[in-house]
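Chemist: Have a look at this one.
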Amino acid sequence: MKDPAVQIEQLREVLRHHEHLYYVLDAPEIADDQYDELMRRLQALETEHPELLTADSPTQRVGGKPREGFSKVMHSSPLLSLDNALNEAELRDFDRRVRELLGGAEYRYVTELKLDGLSMAAHYRDGQFTQAITRGDGTVGEDVTENARTIRSLPLRVKSSLPAFEVRGETVMSRRAFERLNAGREENGLSRFANPRNAAAGSLRLLEPQLTAERRLEYYTYFLLTEGHPAFDSHWRSLEELRHLGFKVDPHSRICRTIDEVFDLCNTWEGKREGLPHDIDGVVVKVDSVDQQRQLGFTAKAPRWAIAYKYPARQATTTVEAIEVQVGRTGALTPVACLQPVEVGGVTVSRATLHNEDEIERLGLQIGDQVVVERSGDVIPKVVRVSSQGSYRKAFRMPAECPVCGSKVVREAGEAASRCINANCPARLKESLLHFASRGVMNIDGLGDALVDQLVDRGIVRNVADLYDLKLEDLVSLERMGVKSAGNVIRNIDRSRLNPLPRVITALGIRFVGERTAIFLAEAFGSMDAIEHASLEELQLAEEVGPKVAEAVLQYFGEPGNRELVDRLRMAGLQFSYASTRPKAGPLQGKTLVITGTLPTLSRDEAKELIERAGGKVSGAVSRKTSFVVAGEDAGSKLEKARDLGICTLTEDELLALLAVD
């Protein structure tokens, strides 16, 4: 039998290889389920041989311990800001200063797209990632190591001859990930992030690394340092080494011999920036030679050897001629301003988003007003402010019925978005299908964005339940779908009929009903029919189901189209009954516990399993309903709150004694 240490290291190398292909090169070689199987094998071996677990293992990207805060750390050398050039004259003036200070010596520039994100320094020792620090004030930043570990394009281990080095770069969120994040926030009644940069910055500073992992951040690098200084004599050489080590580097970086080449490149990307996957706000220009960088030196706040050519603000003033309503893929209704066409940054704009009713009220906007419109990385431009009121004005009112399917529009108290609750609404269908098929829900591998787009756009699938009527010939006619791939999708759809009732409930996409709540509903009612016909009061008898969740369930089943969908899923053979496997009684029956800090011998998952086996439940927050708080080392604010509320605290030994575990 192969040595476990050898097996583990081989699996780690394979997983690192595929992580690099997928998250850095965007060129995956294996399917997600194959990657997941490799990860499960590694996790099983590491569980069996805990002495072989290392911090750089691919299984250790996301830890289970929430942070209580971020400590301050001093940078190895200051992260300085760049001076800006706002037009051609200022860019050429920068080049003149470089030429004069270098006394006529030859020089060249390296250009990189200026990604709009959050600067971060990542430190490595003996090839292993050890620490990540945000820019902060440039001298002192915050330690975000655990959150940075969740960024898949940031390698946890590299093969380098440098004993210790530092990488500096930009933490960013793609436009696609940004739109998905905002759609999810709207779905849960939360406010939207203003732009991908704000979303990336907020995500990197979340106190729970698990939530950061869900945000799909990326890390692009642009400096390689040793002891706070450039590791090589050329900036371009550093970029090449970063690529070689497996880091993401701007693929559009270029060497330019003259300032004319630089300016031409800046103009080219200004026209093409909307087609990029990430927001950029300009181009960074750096003198390539590190010796010449030293010769050029620094001003009080910026290097003389680099400048950021910033693109002009893209705003214009025009008139709102009407306001229409669009229905998004999550059912959220978004008012859109129909504008008198105006040129903004070289593009004619005739529509701009208004987000929701509250935003219209905040702007004080009515039809007929003059407004300032701004182009950004969003799908359509947005209205920034009202510049002047029109002579004829008409107030906007959100429609009571969905403009796409005619179903009732609902807006919950305290929420910003109005929404269509019909899961079969054509505007919601793509998102409903992706949620239904996703991992942890019905787990239909192969049913991703590209396939869903084709199925819906060609009219093959008009309802989630149509998935169970698909035939092999329906799929093989689609682009990039061979017989083998089509057969796998059909088999995965068929296999999903065996998923238990909690997964089916989750798959329906009822607001506020996730995996955990779906289990509680299944256990409380035992069947889909019982849930469908339960009253508001009866629904609230289920564990952790309050008025808000109960109302959402009631609204869902009150929509005729949703009841029709449920009936079709029943006819398709999905599991509509459930026999609970949870213990009916135990020493912790009816008790709610919170775990905080690091326990001496039990992991959080192990402690949670013991508590639930004893009939208790585990919550993530301390409240007056909490029965006990189990506190370990480095317990923070949760322990303090428990003491303030007079809640009994337990050590690990006291918990085990309560459970009578030897």
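Naming works like this for the structure tokens: A, B, ... for the chains as they're shown, residue 1 at the start of each chain, ligands 1 onward in shown order.
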Output as number ranges by chain all residues of segment 220-450 of chain A that backbone DSSP marks as strand (DSSP E).

Modeler: A: 220-226, 229-230, 248-249, 254-256, 280-287, 306-310, 315-327, 332-344, 347-353, 370-374, 382-388, 409-410, 418-420

Chemist: Within 9 Å of segment 559-571 of chain A, counting only C-alpha atoms, which residues qualify if same-chain residues fewer than 5 places away don't, as a list in words?

Modeler: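 Close residues of segment 559-571 of chain A: Ser407, Lys408, Ile421, Asn422, Ala423, Asn424, Cys425, Asn463, Val464, Ala465, Asp466, Tyr468, Leu508, Met528, Glu532, Leu554 and Phe576 of chain A.
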
Chemist: Which of these residues is nearest to Glu241 of chain A, using only C-alpha atoms: A:Arg304, A:Thr130, A:Ser161, A:Ile255?

Modeler: A:Ser161

Chemist: Write out as an mmCIF file with N, CA and C atoms, in the first residue's frame the set of residues from segment 423-532 of chain A that DSSP, computed on the backbone, places in helix (DSSP H, G or I).

Modeler:
```
data_model
loop_
_atom_site.group_PDB
_atom_site.id
_atom_site.type_symbol
_atom_site.label_atom_id
_atom_site.label_comp_id
_atom_site.auth_asym_id
_atom_site.auth_seq_id
_atom_site.Cartn_x
_atom_site.Cartn_y
_atom_site.Cartn_z
ATOM 1 N N LEU A 429 -36.532 32.667 -15.001
ATOM 2 C CA LEU A 429 -36.320 31.257 -15.284
ATOM 3 C C LEU A 429 -34.855 30.831 -15.245
ATOM 4 N N LYS A 430 -33.968 31.594 -15.871
ATOM 5 C CA LYS A 430 -32.561 31.176 -15.919
ATOM 6 C C LYS A 430 -31.973 31.049 -14.517
ATOM 7 N N GLU A 431 -32.229 32.056 -13.691
ATOM 8 C CA GLU A 431 -31.696 32.010 -12.331
ATOM 9 C C GLU A 431 -32.323 30.870 -11.535
ATOM 10 N N SER A 432 -33.615 30.633 -11.737
ATOM 11 C CA SER A 432 -34.286 29.533 -11.044
ATOM 12 C C SER A 432 -33.670 28.189 -11.422
ATOM 13 N N LEU A 433 -33.353 28.020 -12.706
ATOM 14 C CA LEU A 433 -32.736 26.773 -13.163
ATOM 15 C C LEU A 433 -31.347 26.585 -12.570
ATOM 16 N N LEU A 434 -30.541 27.652 -12.551
ATOM 17 C CA LEU A 434 -29.184 27.554 -12.008
ATOM 18 C C LEU A 434 -29.215 27.243 -10.518
ATOM 19 N N HIS A 435 -30.140 27.864 -9.796
ATOM 20 C CA HIS A 435 -30.281 27.564 -8.367
ATOM 21 C C HIS A 435 -30.730 26.120 -8.165
ATOM 22 N N PHE A 436 -31.704 25.690 -8.926
ATOM 23 C CA PHE A 436 -32.246 24.337 -8.809
ATOM 24 C C PHE A 436 -31.142 23.293 -9.011
ATOM 25 N N ALA A 437 -30.262 23.539 -9.993
ATOM 26 C CA ALA A 437 -29.254 22.543 -10.363
ATOM 27 C C ALA A 437 -27.981 22.637 -9.537
ATOM 28 N N ASP A 449 -24.217 27.768 -16.659
ATOM 29 C CA ASP A 449 -24.707 28.980 -17.335
ATOM 30 C C ASP A 449 -24.896 28.793 -18.841
ATOM 31 N N ALA A 450 -23.857 28.245 -19.498
ATOM 32 C CA ALA A 450 -23.910 28.147 -20.963
ATOM 33 C C ALA A 450 -25.059 27.265 -21.424
ATOM 34 N N LEU A 451 -25.239 26.122 -20.758
ATOM 35 C CA LEU A 451 -26.311 25.204 -21.154
ATOM 36 C C LEU A 451 -27.679 25.786 -20.824
ATOM 37 N N VAL A 452 -27.812 26.400 -19.654
ATOM 38 C CA VAL A 452 -29.097 27.006 -19.268
ATOM 39 C C VAL A 452 -29.487 28.108 -20.248
ATOM 40 N N ASP A 453 -28.509 28.939 -20.634
ATOM 41 C CA ASP A 453 -28.804 30.004 -21.596
ATOM 42 C C ASP A 453 -29.384 29.430 -22.878
ATOM 43 N N GLN A 454 -28.784 28.371 -23.394
ATOM 44 C CA GLN A 454 -29.267 27.773 -24.648
ATOM 45 C C GLN A 454 -30.641 27.137 -24.469
ATOM 46 N N LEU A 455 -30.850 26.432 -23.363
ATOM 47 C CA LEU A 455 -32.140 25.766 -23.133
ATOM 48 C C LEU A 455 -33.285 26.770 -23.064
ATOM 49 N N VAL A 456 -33.031 27.904 -22.405
ATOM 50 C CA VAL A 456 -34.086 28.911 -22.264
ATOM 51 C C VAL A 456 -34.240 29.722 -23.548
ATOM 52 N N ASP A 457 -33.118 30.172 -24.116
ATOM 53 C CA ASP A 457 -33.185 31.018 -25.312
ATOM 54 C C ASP A 457 -33.821 30.296 -26.499
ATOM 55 N N VAL A 464 -38.975 25.012 -14.702
ATOM 56 C CA VAL A 464 -37.975 24.154 -14.049
ATOM 57 C C VAL A 464 -38.326 22.678 -14.209
ATOM 58 N N ALA A 465 -39.606 22.349 -14.125
ATOM 59 C CA ALA A 465 -40.022 20.950 -14.236
ATOM 60 C C ALA A 465 -39.762 20.372 -15.622
ATOM 61 N N ASP A 466 -39.580 21.241 -16.629
ATOM 62 C CA ASP A 466 -39.277 20.751 -17.984
ATOM 63 C C ASP A 466 -37.955 19.994 -18.035
ATOM 64 N N LEU A 467 -37.082 20.211 -17.054
ATOM 65 C CA LEU A 467 -35.805 19.481 -17.015
ATOM 66 C C LEU A 467 -36.032 17.975 -17.030
ATOM 67 N N TYR A 468 -37.095 17.535 -16.369
ATOM 68 C CA TYR A 468 -37.346 16.097 -16.236
ATOM 69 C C TYR A 468 -38.013 15.500 -17.469
ATOM 70 N N ASP A 469 -38.304 16.365 -18.454
ATOM 71 C CA ASP A 469 -38.834 15.878 -19.729
ATOM 72 C C ASP A 469 -37.776 15.896 -20.826
ATOM 73 N N LEU A 472 -32.223 12.992 -24.769
ATOM 74 C CA LEU A 472 -30.858 13.094 -25.271
ATOM 75 C C LEU A 472 -30.803 13.963 -26.526
ATOM 76 N N GLU A 473 -31.767 13.779 -27.418
ATOM 77 C CA GLU A 473 -31.752 14.523 -28.679
ATOM 78 C C GLU A 473 -31.982 16.020 -28.469
ATOM 79 N N ASP A 474 -32.617 16.403 -27.339
ATOM 80 C CA ASP A 474 -32.802 17.829 -27.050
ATOM 81 C C ASP A 474 -31.465 18.511 -26.790
ATOM 82 N N LEU A 475 -30.523 17.766 -26.205
ATOM 83 C CA LEU A 475 -29.252 18.351 -25.799
ATOM 84 C C LEU A 475 -28.171 18.262 -26.866
ATOM 85 N N VAL A 476 -28.137 17.169 -27.614
ATOM 86 C CA VAL A 476 -27.045 16.987 -28.582
ATOM 87 C C VAL A 476 -27.106 18.019 -29.709
ATOM 88 N N VAL A 483 -22.583 13.803 -27.525
ATOM 89 C CA VAL A 483 -23.447 12.724 -27.038
ATOM 90 C C VAL A 483 -23.066 12.328 -25.614
ATOM 91 N N LYS A 484 -21.763 12.223 -25.355
ATOM 92 C CA LYS A 484 -21.322 11.815 -24.021
ATOM 93 C C LYS A 484 -21.715 12.847 -22.964
ATOM 94 N N SER A 485 -21.451 14.122 -23.243
ATOM 95 C CA SER A 485 -21.799 15.185 -22.292
ATOM 96 C C SER A 485 -23.302 15.249 -22.073
ATOM 97 N N ALA A 486 -24.052 15.142 -23.164
ATOM 98 C CA ALA A 486 -25.519 15.177 -23.060
ATOM 99 C C ALA A 486 -26.027 14.014 -22.220
ATOM 100 N N GLY A 487 -25.446 12.834 -22.432
ATOM 101 C CA GLY A 487 -25.847 11.660 -21.661
ATOM 102 C C GLY A 487 -25.573 11.837 -20.181
ATOM 103 N N ASN A 488 -24.436 12.457 -19.852
ATOM 104 C CA ASN A 488 -24.109 12.696 -18.444
ATOM 105 C C ASN A 488 -25.121 13.628 -17.794
ATOM 106 N N VAL A 489 -25.526 14.686 -18.525
ATOM 107 C CA VAL A 489 -26.499 15.628 -17.974
ATOM 108 C C VAL A 489 -27.839 14.937 -17.744
ATOM 109 N N ILE A 490 -28.285 14.144 -18.720
ATOM 110 C CA ILE A 490 -29.561 13.426 -18.575
ATOM 111 C C ILE A 490 -29.517 12.486 -17.376
ATOM 112 N N ARG A 491 -28.389 11.774 -17.211
ATOM 113 C CA ARG A 491 -28.262 10.861 -16.066
ATOM 114 C C ARG A 491 -28.267 11.630 -14.750
ATOM 115 N N ASN A 492 -27.600 12.790 -14.720
ATOM 116 C CA ASN A 492 -27.566 13.576 -13.489
ATOM 117 C C ASN A 492 -28.938 14.139 -13.144
ATOM 118 N N ILE A 493 -29.698 14.531 -14.161
ATOM 119 C CA ILE A 493 -31.074 14.990 -13.922
ATOM 120 C C ILE A 493 -31.905 13.856 -13.350
ATOM 121 N N ASP A 494 -31.785 12.672 -13.948
ATOM 122 C CA ASP A 494 -32.549 11.518 -13.483
ATOM 123 C C ASP A 494 -32.175 11.149 -12.049
ATOM 124 N N ARG A 495 -30.877 11.214 -11.741
ATOM 125 C CA ARG A 495 -30.396 10.862 -10.403
ATOM 126 C C ARG A 495 -30.924 11.838 -9.356
ATOM 127 N N SER A 496 -31.178 13.081 -9.765
ATOM 128 C CA SER A 496 -31.626 14.083 -8.803
ATOM 129 C C SER A 496 -33.019 13.782 -8.244
ATOM 130 N N ARG A 497 -33.767 12.895 -8.910
ATOM 131 C CA ARG A 497 -35.086 12.517 -8.382
ATOM 132 C C ARG A 497 -34.980 11.855 -7.013
ATOM 133 N N LEU A 498 -33.799 11.335 -6.686
ATOM 134 C CA LEU A 498 -33.616 10.618 -5.420
ATOM 135 C C LEU A 498 -33.241 11.541 -4.268
ATOM 136 N N LEU A 501 -36.400 15.276 0.506
ATOM 137 C CA LEU A 501 -37.328 16.406 0.508
ATOM 138 C C LEU A 501 -36.674 17.741 0.886
ATOM 139 N N PRO A 502 -35.785 17.810 1.897
ATOM 140 C CA PRO A 502 -35.190 19.119 2.205
ATOM 141 C C PRO A 502 -34.502 19.758 1.005
ATOM 142 N N ARG A 503 -33.858 18.958 0.184
ATOM 143 C CA ARG A 503 -33.203 19.526 -1.002
ATOM 144 C C ARG A 503 -34.241 20.027 -2.005
ATOM 145 N N VAL A 504 -35.338 19.311 -2.139
ATOM 146 C CA VAL A 504 -36.398 19.738 -3.061
ATOM 147 C C VAL A 504 -36.983 21.070 -2.590
ATOM 148 N N ILE A 505 -37.190 21.207 -1.272
ATOM 149 C CA ILE A 505 -37.712 22.463 -0.724
ATOM 150 C C ILE A 505 -36.741 23.603 -1.014
ATOM 151 N N THR A 506 -35.449 23.360 -0.776
ATOM 152 C CA THR A 506 -34.427 24.379 -1.060
ATOM 153 C C THR A 506 -34.446 24.755 -2.536
ATOM 154 N N ALA A 507 -34.619 23.753 -3.396
ATOM 155 C CA ALA A 507 -34.572 23.961 -4.847
ATOM 156 C C ALA A 507 -35.702 24.860 -5.342
ATOM 157 N N GLU A 515 -30.891 25.820 3.052
ATOM 158 C CA GLU A 515 -30.733 24.397 3.362
ATOM 159 C C GLU A 515 -31.183 24.063 4.782
ATOM 160 N N ARG A 516 -30.777 24.879 5.759
ATOM 161 C CA ARG A 516 -31.099 24.596 7.159
ATOM 162 C C ARG A 516 -32.603 24.711 7.425
ATOM 163 N N THR A 517 -33.213 25.804 6.939
ATOM 164 C CA THR A 517 -34.653 25.991 7.159
ATOM 165 C C THR A 517 -35.455 24.908 6.454
ATOM 166 N N ALA A 518 -34.987 24.477 5.278
ATOM 167 C CA ALA A 518 -35.683 23.411 4.544
ATOM 168 C C ALA A 518 -35.711 22.115 5.355
ATOM 169 N N ILE A 519 -34.621 21.824 6.045
ATOM 170 C CA ILE A 519 -34.583 20.619 6.891
ATOM 171 C C ILE A 519 -35.601 20.742 8.017
ATOM 172 N N PHE A 520 -35.654 21.907 8.669
ATOM 173 C CA PHE A 520 -36.602 22.099 9.766
ATOM 174 C C PHE A 520 -38.047 21.968 9.282
ATOM 175 N N LEU A 521 -38.335 22.508 8.090
ATOM 176 C CA LEU A 521 -39.692 22.386 7.551
ATOM 177 C C LEU A 521 -40.029 20.934 7.245
ATOM 178 N N ALA A 522 -39.083 20.213 6.639
ATOM 179 C CA ALA A 522 -39.320 18.803 6.313
ATOM 180 C C ALA A 522 -39.538 17.982 7.575
ATOM 181 N N GLU A 523 -38.758 18.266 8.619
ATOM 182 C CA GLU A 523 -38.903 17.513 9.866
ATOM 183 C C GLU A 523 -40.212 17.831 10.570
ATOM 184 N N ALA A 524 -40.618 19.094 10.503
ATOM 185 C CA ALA A 524 -41.835 19.499 11.209
ATOM 186 C C ALA A 524 -43.102 18.987 10.534
ATOM 187 N N PHE A 525 -43.101 18.920 9.174
ATOM 188 C CA PHE A 525 -44.337 18.590 8.461
ATOM 189 C C PHE A 525 -44.307 17.224 7.785
ATOM 190 N N MET A 528 -44.260 17.541 1.472
ATOM 191 C CA MET A 528 -44.449 18.801 0.752
ATOM 192 C C MET A 528 -45.904 19.241 0.839
ATOM 193 N N ASP A 529 -46.846 18.288 0.744
ATOM 194 C CA ASP A 529 -48.274 18.628 0.790
ATOM 195 C C ASP A 529 -48.632 19.327 2.096
ATOM 196 N N ALA A 530 -48.081 18.822 3.205
ATOM 197 C CA ALA A 530 -48.389 19.412 4.506
ATOM 198 C C ALA A 530 -47.851 20.834 4.602
ATOM 199 N N ILE A 531 -46.677 21.063 4.036
ATOM 200 C CA ILE A 531 -46.107 22.421 4.046
ATOM 201 C C ILE A 531 -46.965 23.339 3.192
ATOM 202 N N GLU A 532 -47.353 22.855 2.019
ATOM 203 C CA GLU A 532 -48.131 23.661 1.081
ATOM 204 C C GLU A 532 -49.452 24.124 1.686
#
```

Chemist: From the options A:Val287, A:Val6, A:Val347, A:Leu659, which residue's atoms come nearest to Arg314 of chain A, counting only C-alpha atoms?

Modeler: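 When distances to Arg314 of chain A are compared using only C-alpha atoms, the smallest one comes from A:Val347.
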
Chemist: Skip Ala89 of chain A itself and residues of its chain fewer than 4 positions away, then list as a list of chain:residue names all residues within 12 Å of it, counting only C-alpha atoms.

Modeler: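 Answer for this query is A:Asn84, A:Ala85, A:Asp93, A:Phe94, A:Asp95, A:Arg96, A:Ile259, A:Asp260, A:Phe263, A:Tyr309.
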
Chemist: Env of segment 168-173 of chain A: 6 Å cut, atoms = only C-alpha atoms, seq-sep filter 3 positions within chain, self excluded. Answer as a PyMOL selection string.

Modeler: chain A and resi 117-121+196+200+217-223

Chemist: Find the spatial neighbours of Val290 of chain A, counting only C-alpha atoms, within a cut-off of 8 Å - ignore same-chain residues fewer than 2 positions away - and output them as a list in words.

Modeler: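 That gives Pro230, Phe232, Asp233, Ser234, His235, Val287, Asp288, Gln292, Gln293 and Arg294 of chain A.
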
Chemist: List as a ChimeraX atom specification the protein and nucleic acid residues near segment 591-599 of chain A, meaning an atom at most 8 Å away when only C-alpha atoms are counted, but skip any in the same chain fewer than 6 places from it.

Modeler: /A:65,615-622,625-636,638-639,652

Chemist: Neighbouring residues of Thr330 of chain A were defined as those with any atom within 6 Å, considering only C-alpha atoms; residues of the same chain fewer than 2 positions away were excluded. Please report them as a PyMOL selection string.

Modeler: chain A and resi 328+332+428

Chemist: Let me make sure I understand: among A:Glu401, A:Val549, A:Leu365, A:Leu52, which one has the smallest atom-to-atom distance to Gln389 of chain A if we use only C-alpha atoms?

Modeler: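 When distances to Gln389 of chain A are compared using only C-alpha atoms, the smallest one comes from A:Leu365.
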
Chemist: Ranking A:Leu588, A:Leu602, A:Val320, A:Ala395 by minimum distance to Val371 of chain A and counting only C-alpha atoms, which one comes first?

Modeler: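 Under the stated criterion, the closest residue is A:Val320.
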
Chemist: Restricting the calculation to only C-alpha atoms: of A:Ser57, A:Asn195, A:Gln295, A:Thr134, which residue gets closest to Leu181 of chain A?

Modeler: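 Answer, going by the shortest atom-to-atom distance: A:Asn195.
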
Chemist: A:Phe247, A:Phe178, A:Trp305, A:Tyr124: which is nearest Leu154 of chain A, counting only C-alpha atoms?

Modeler: A:Phe247

Chemist: What is the atom CA of Gly103 of chain A-atom CA of Leu296 of chain A distance in Å, reported with one decimal?

Modeler: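 Atom-to-atom, atom CA of Gly103 of chain A to atom CA of Leu296 of chain A, that is 10.6 Å.
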
Chemist: Quote the spacing between atom CA of Pro155 of chain A and atom CA of His123 of chain A in Å to one decimal place.

Modeler: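 Rounded to one decimal, the two atoms are 11.1 Å apart.
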